[in-house]
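Reviewing the structure listed below.
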Amino acid sequence: MGSSEYVIVLTTMPSGSEAVRLAKILVEERLAACVNVQDEMQSVYRWKGKTEQDSEQQLVIKTMSERVPVLRERFRSLHPYECPEFVVIQLSGGDEAYLSWLKDAVSEK
């Protein structure tokens, strides 16, 4: 198993939003093996020429690189932001049993 097959996708959602609902949809549709929904945090960012600050929740999405195109499309259809964060990070290692579980969890059956 090459570790480049496995990725983590990072994104944020508005705090108090339906982050858990989005996470459940991605897992139920086998686009993600697991989605961690982090506690509320403060984000400071530049948007349309202004410095903004909002409460957000970070989502950590674990999946396979081959599922990323479909995940990205589905994610954009569900996400409330005009320009949502969608950062894909390739894994460079991991426990073989965990990676095997991850692969099985997102395999289309």
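Quick note on naming: the chains in the structure tokens go A, B, ... in the order shown, residues restart at 1 in each chain, and ligands are numbered from 1 in order of appearance.
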Requested in this report: Give the strand (DSSP E) residues of chain A, as assigned by DSSP on the backbone, as a ChimeraX atom specification.
Outcome: /A:6-14,34-47,50-64,87-90
Query raised in the report: If you count only C-alpha atoms, which residues fall within 8 Å of range 32-37 of chain A, apart from same-chain ones fewer than 2 positions away, as an NGL selection string?
Result: :A and (19-20 or 23-24 or 26-27 or 29-30 or 39 or 57-64 or 71 or 102-103 or 105-106)
Those same residues, written as a PDB file, in the first residue's frame with N, CA and C atoms?
```pdb
ATOM      1  N   ALA A  19     -22.019  21.208  10.521  1.00  0.00           N
ATOM      2  CA  ALA A  19     -20.770  20.496  10.248  1.00  0.00           C
ATOM      3  C   ALA A  19     -20.923  18.988  10.449  1.00  0.00           C
ATOM      4  N   VAL A  20     -21.615  18.586  11.507  1.00  0.00           N
ATOM      5  CA  VAL A  20     -21.796  17.163  11.772  1.00  0.00           C
ATOM      6  C   VAL A  20     -22.671  16.530  10.691  1.00  0.00           C
ATOM      7  N   ALA A  23     -20.508  15.996   7.735  1.00  0.00           N
ATOM      8  CA  ALA A  23     -19.600  14.877   8.017  1.00  0.00           C
ATOM      9  C   ALA A  23     -20.320  13.540   7.828  1.00  0.00           C
ATOM     10  N   LYS A  24     -21.530  13.430   8.350  1.00  0.00           N
ATOM     11  CA  LYS A  24     -22.289  12.179   8.228  1.00  0.00           C
ATOM     12  C   LYS A  24     -22.590  11.846   6.772  1.00  0.00           C
ATOM     13  N   LEU A  26     -20.821  12.700   4.116  1.00  0.00           N
ATOM     14  CA  LEU A  26     -19.594  12.264   3.450  1.00  0.00           C
ATOM     15  C   LEU A  26     -19.222  10.835   3.818  1.00  0.00           C
ATOM     16  N   VAL A  27     -19.438  10.462   5.084  1.00  0.00           N
ATOM     17  CA  VAL A  27     -19.136   9.095   5.518  1.00  0.00           C
ATOM     18  C   VAL A  27     -20.169   8.121   4.954  1.00  0.00           C
ATOM     19  N   GLU A  29     -21.908   8.337   2.292  1.00  0.00           N
ATOM     20  CA  GLU A  29     -21.736   8.193   0.847  1.00  0.00           C
ATOM     21  C   GLU A  29     -20.369   7.603   0.482  1.00  0.00           C
ATOM     22  N   ARG A  30     -19.610   7.166   1.481  1.00  0.00           N
ATOM     23  CA  ARG A  30     -18.310   6.516   1.322  1.00  0.00           C
ATOM     24  C   ARG A  30     -17.281   7.420   0.636  1.00  0.00           C
ATOM     25  N   ASP A  39     -13.792  21.434  17.800  1.00  0.00           N
ATOM     26  CA  ASP A  39     -14.516  22.463  18.542  1.00  0.00           C
ATOM     27  C   ASP A  39     -14.376  23.823  17.865  1.00  0.00           C
ATOM     28  N   GLN A  57     -15.517  25.921  12.705  1.00  0.00           N
ATOM     29  CA  GLN A  57     -15.116  24.592  13.147  1.00  0.00           C
ATOM     30  C   GLN A  57     -14.299  23.981  12.024  1.00  0.00           C
ATOM     31  N   GLN A  58     -13.196  23.331  12.388  1.00  0.00           N
ATOM     32  CA  GLN A  58     -12.384  22.666  11.384  1.00  0.00           C
ATOM     33  C   GLN A  58     -12.836  21.224  11.225  1.00  0.00           C
ATOM     34  N   LEU A  59     -12.879  20.771   9.984  1.00  0.00           N
ATOM     35  CA  LEU A  59     -13.170  19.377   9.672  1.00  0.00           C
ATOM     36  C   LEU A  59     -11.907  18.744   9.118  1.00  0.00           C
ATOM     37  N   VAL A  60     -11.588  17.550   9.614  1.00  0.00           N
ATOM     38  CA  VAL A  60     -10.455  16.766   9.146  1.00  0.00           C
ATOM     39  C   VAL A  60     -11.051  15.521   8.496  1.00  0.00           C
ATOM     40  N   ILE A  61     -10.938  15.438   7.178  1.00  0.00           N
ATOM     41  CA  ILE A  61     -11.588  14.395   6.392  1.00  0.00           C
ATOM     42  C   ILE A  61     -10.530  13.392   5.932  1.00  0.00           C
ATOM     43  N   LYS A  62     -10.724  12.115   6.275  1.00  0.00           N
ATOM     44  CA  LYS A  62      -9.770  11.071   5.885  1.00  0.00           C
ATOM     45  C   LYS A  62     -10.364  10.251   4.745  1.00  0.00           C
ATOM     46  N   THR A  63      -9.593  10.153   3.649  1.00  0.00           N
ATOM     47  CA  THR A  63     -10.089   9.462   2.472  1.00  0.00           C
ATOM     48  C   THR A  63      -8.933   8.970   1.612  1.00  0.00           C
ATOM     49  N   MET A  64      -9.265   8.453   0.443  1.00  0.00           N
ATOM     50  CA  MET A  64      -8.285   7.986  -0.540  1.00  0.00           C
ATOM     51  C   MET A  64      -8.165   9.038  -1.642  1.00  0.00           C
ATOM     52  N   LEU A  71     -15.439  13.640  -3.973  1.00  0.00           N
ATOM     53  CA  LEU A  71     -15.590  14.315  -2.678  1.00  0.00           C
ATOM     54  C   LEU A  71     -15.652  15.820  -2.865  1.00  0.00           C
ATOM     55  N   LEU A 102      -9.219   2.306   6.372  1.00  0.00           N
ATOM     56  CA  LEU A 102      -9.595   3.510   5.640  1.00  0.00           C
ATOM     57  C   LEU A 102      -9.970   3.171   4.208  1.00  0.00           C
ATOM     58  N   LYS A 103      -9.124   2.378   3.561  1.00  0.00           N
ATOM     59  CA  LYS A 103      -9.373   1.995   2.162  1.00  0.00           C
ATOM     60  C   LYS A 103     -10.697   1.249   2.036  1.00  0.00           C
ATOM     61  N   ALA A 105     -13.264   1.422   4.032  1.00  0.00           N
ATOM     62  CA  ALA A 105     -14.396   2.288   4.391  1.00  0.00           C
ATOM     63  C   ALA A 105     -14.852   3.186   3.249  1.00  0.00           C
ATOM     64  N   VAL A 106     -13.956   3.523   2.324  1.00  0.00           N
ATOM     65  CA  VAL A 106     -14.348   4.387   1.220  1.00  0.00           C
ATOM     66  C   VAL A 106     -14.486   3.646  -0.120  1.00  0.00           C
TER      67      VAL A 106
END
```
Requested in this report: Select, from A:Tyr98, A:Phe86, A:Leu10, A:Glu28, the residue with the minimum atom-to-atom distance to Glu73 in chain A, counting only C-alpha atoms.
Outcome: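 Nearest candidate to Glu73 in chain A out of A:Tyr98, A:Phe86, A:Leu10, A:Glu28: A:Phe86.
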Query raised in the report: Among chain A, which ones does DSSP place in helix (DSSP H, G or I), written as a PyMOL selection string?
Result: chain A and resi 3-5+19-28+65-78+96-106
Go ahead and write the selection's residues with N, CA and C atoms as a short mmCIF file (atom, residue, chain, number, x, y, z; two decimals), in the first residue's frame.
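Below you can see again_21.cif, which holds the result:
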```
data_model
loop_
_atom_site.label_atom_id
_atom_site.label_comp_id
_atom_site.auth_asym_id
_atom_site.auth_seq_id
_atom_site.Cartn_x
_atom_site.Cartn_y
_atom_site.Cartn_z
N SER A 3 1.59 5.00 0.56
CA SER A 3 0.93 5.97 1.44
C SER A 3 0.36 7.15 0.68
N SER A 4 0.85 7.44 -0.55
CA SER A 4 0.31 8.56 -1.32
C SER A 4 -1.13 8.32 -1.75
N GLU A 5 -1.60 7.09 -1.61
CA GLU A 5 -3.00 6.79 -1.91
C GLU A 5 -3.94 7.41 -0.88
N ALA A 19 -22.02 21.21 10.52
CA ALA A 19 -20.77 20.50 10.25
C ALA A 19 -20.92 18.99 10.45
N VAL A 20 -21.61 18.59 11.51
CA VAL A 20 -21.80 17.16 11.77
C VAL A 20 -22.67 16.53 10.69
N ARG A 21 -23.67 17.25 10.24
CA ARG A 21 -24.54 16.74 9.16
C ARG A 21 -23.72 16.51 7.89
N LEU A 22 -22.87 17.48 7.55
CA LEU A 22 -22.02 17.33 6.37
C LEU A 22 -21.08 16.14 6.55
N ALA A 23 -20.51 16.00 7.73
CA ALA A 23 -19.60 14.88 8.02
C ALA A 23 -20.32 13.54 7.83
N LYS A 24 -21.53 13.43 8.35
CA LYS A 24 -22.29 12.18 8.23
C LYS A 24 -22.59 11.85 6.77
N ILE A 25 -22.94 12.85 5.99
CA ILE A 25 -23.23 12.63 4.56
C ILE A 25 -21.98 12.09 3.86
N LEU A 26 -20.82 12.70 4.12
CA LEU A 26 -19.59 12.26 3.45
C LEU A 26 -19.22 10.83 3.82
N VAL A 27 -19.44 10.46 5.08
CA VAL A 27 -19.14 9.09 5.52
C VAL A 27 -20.17 8.12 4.95
N GLU A 28 -21.45 8.47 5.04
CA GLU A 28 -22.51 7.59 4.53
C GLU A 28 -22.37 7.34 3.03
N SER A 65 -6.98 9.16 -2.22
CA SER A 65 -6.77 10.16 -3.26
C SER A 65 -7.72 9.95 -4.45
N GLU A 66 -8.05 8.70 -4.76
CA GLU A 66 -8.95 8.42 -5.88
C GLU A 66 -10.37 8.92 -5.63
N ARG A 67 -10.75 9.16 -4.37
CA ARG A 67 -12.10 9.64 -4.04
C ARG A 67 -12.19 11.16 -4.01
N VAL A 68 -11.03 11.84 -4.08
CA VAL A 68 -11.01 13.30 -3.94
C VAL A 68 -11.85 14.03 -4.99
N PRO A 69 -11.79 13.70 -6.29
CA PRO A 69 -12.62 14.44 -7.25
C PRO A 69 -14.12 14.40 -6.94
N VAL A 70 -14.63 13.23 -6.59
CA VAL A 70 -16.07 13.11 -6.27
C VAL A 70 -16.35 13.79 -4.93
N LEU A 71 -15.44 13.64 -3.97
CA LEU A 71 -15.59 14.31 -2.68
C LEU A 71 -15.65 15.82 -2.87
N ARG A 72 -14.75 16.38 -3.68
CA ARG A 72 -14.72 17.83 -3.91
C ARG A 72 -16.04 18.32 -4.50
N GLU A 73 -16.56 17.60 -5.46
CA GLU A 73 -17.82 18.00 -6.11
C GLU A 73 -18.98 17.96 -5.11
N ARG A 74 -19.08 16.87 -4.36
CA ARG A 74 -20.17 16.74 -3.37
C ARG A 74 -20.02 17.77 -2.27
N PHE A 75 -18.82 17.97 -1.80
CA PHE A 75 -18.51 18.94 -0.77
C PHE A 75 -18.96 20.34 -1.18
N ARG A 76 -18.61 20.74 -2.39
CA ARG A 76 -19.00 22.08 -2.87
C ARG A 76 -20.52 22.23 -2.95
N SER A 77 -21.23 21.15 -3.25
CA SER A 77 -22.69 21.23 -3.34
C SER A 77 -23.33 21.38 -1.96
N LEU A 78 -22.63 20.99 -0.91
CA LEU A 78 -23.18 21.03 0.45
C LEU A 78 -22.67 22.21 1.28
N GLU A 96 -0.46 0.16 9.00
CA GLU A 96 -1.04 -0.63 7.91
C GLU A 96 -2.48 -1.05 8.19
N ALA A 97 -2.79 -1.43 9.43
CA ALA A 97 -4.15 -1.84 9.77
C ALA A 97 -5.12 -0.66 9.62
N TYR A 98 -4.70 0.52 10.07
CA TYR A 98 -5.55 1.71 9.95
C TYR A 98 -5.76 2.06 8.48
N LEU A 99 -4.69 2.05 7.69
CA LEU A 99 -4.82 2.40 6.28
C LEU A 99 -5.69 1.39 5.54
N SER A 100 -5.60 0.14 5.92
CA SER A 100 -6.44 -0.89 5.33
C SER A 100 -7.92 -0.63 5.64
N TRP A 101 -8.20 -0.27 6.90
CA TRP A 101 -9.57 0.08 7.30
C TRP A 101 -10.06 1.28 6.50
N LEU A 102 -9.22 2.31 6.37
CA LEU A 102 -9.59 3.51 5.64
C LEU A 102 -9.97 3.17 4.21
N LYS A 103 -9.12 2.38 3.56
CA LYS A 103 -9.37 2.00 2.16
C LYS A 103 -10.70 1.25 2.04
N ASP A 104 -10.95 0.32 2.93
CA ASP A 104 -12.19 -0.45 2.91
C ASP A 104 -13.41 0.44 3.15
N ALA A 105 -13.26 1.42 4.03
CA ALA A 105 -14.40 2.29 4.39
C ALA A 105 -14.85 3.19 3.25
N VAL A 106 -13.96 3.52 2.32
CA VAL A 106 -14.35 4.39 1.22
C VAL A 106 -14.49 3.65 -0.12
#
```
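Residue nearest Ser55 in chain A, chosen from A:Leu31, A:Ser17, A:Ile89, A:Glu82 and counting only C-alpha atoms: A:Ser17.
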Query - Length of the CA of Gln38 in chain A to CA of Gly16 in chain A vector [Å] - result: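 Between CA of Gln38 in chain A and CA of Gly16 in chain A the gap works out to 11.6 Å.
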Query raised in the report: Separation of CA of Val9 in chain A and CA of Gln90 in chain A, in Å?
Result: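 So the two atoms, CA of Val9 in chain A and CA of Gln90 in chain A, lie 8.8 Å apart.
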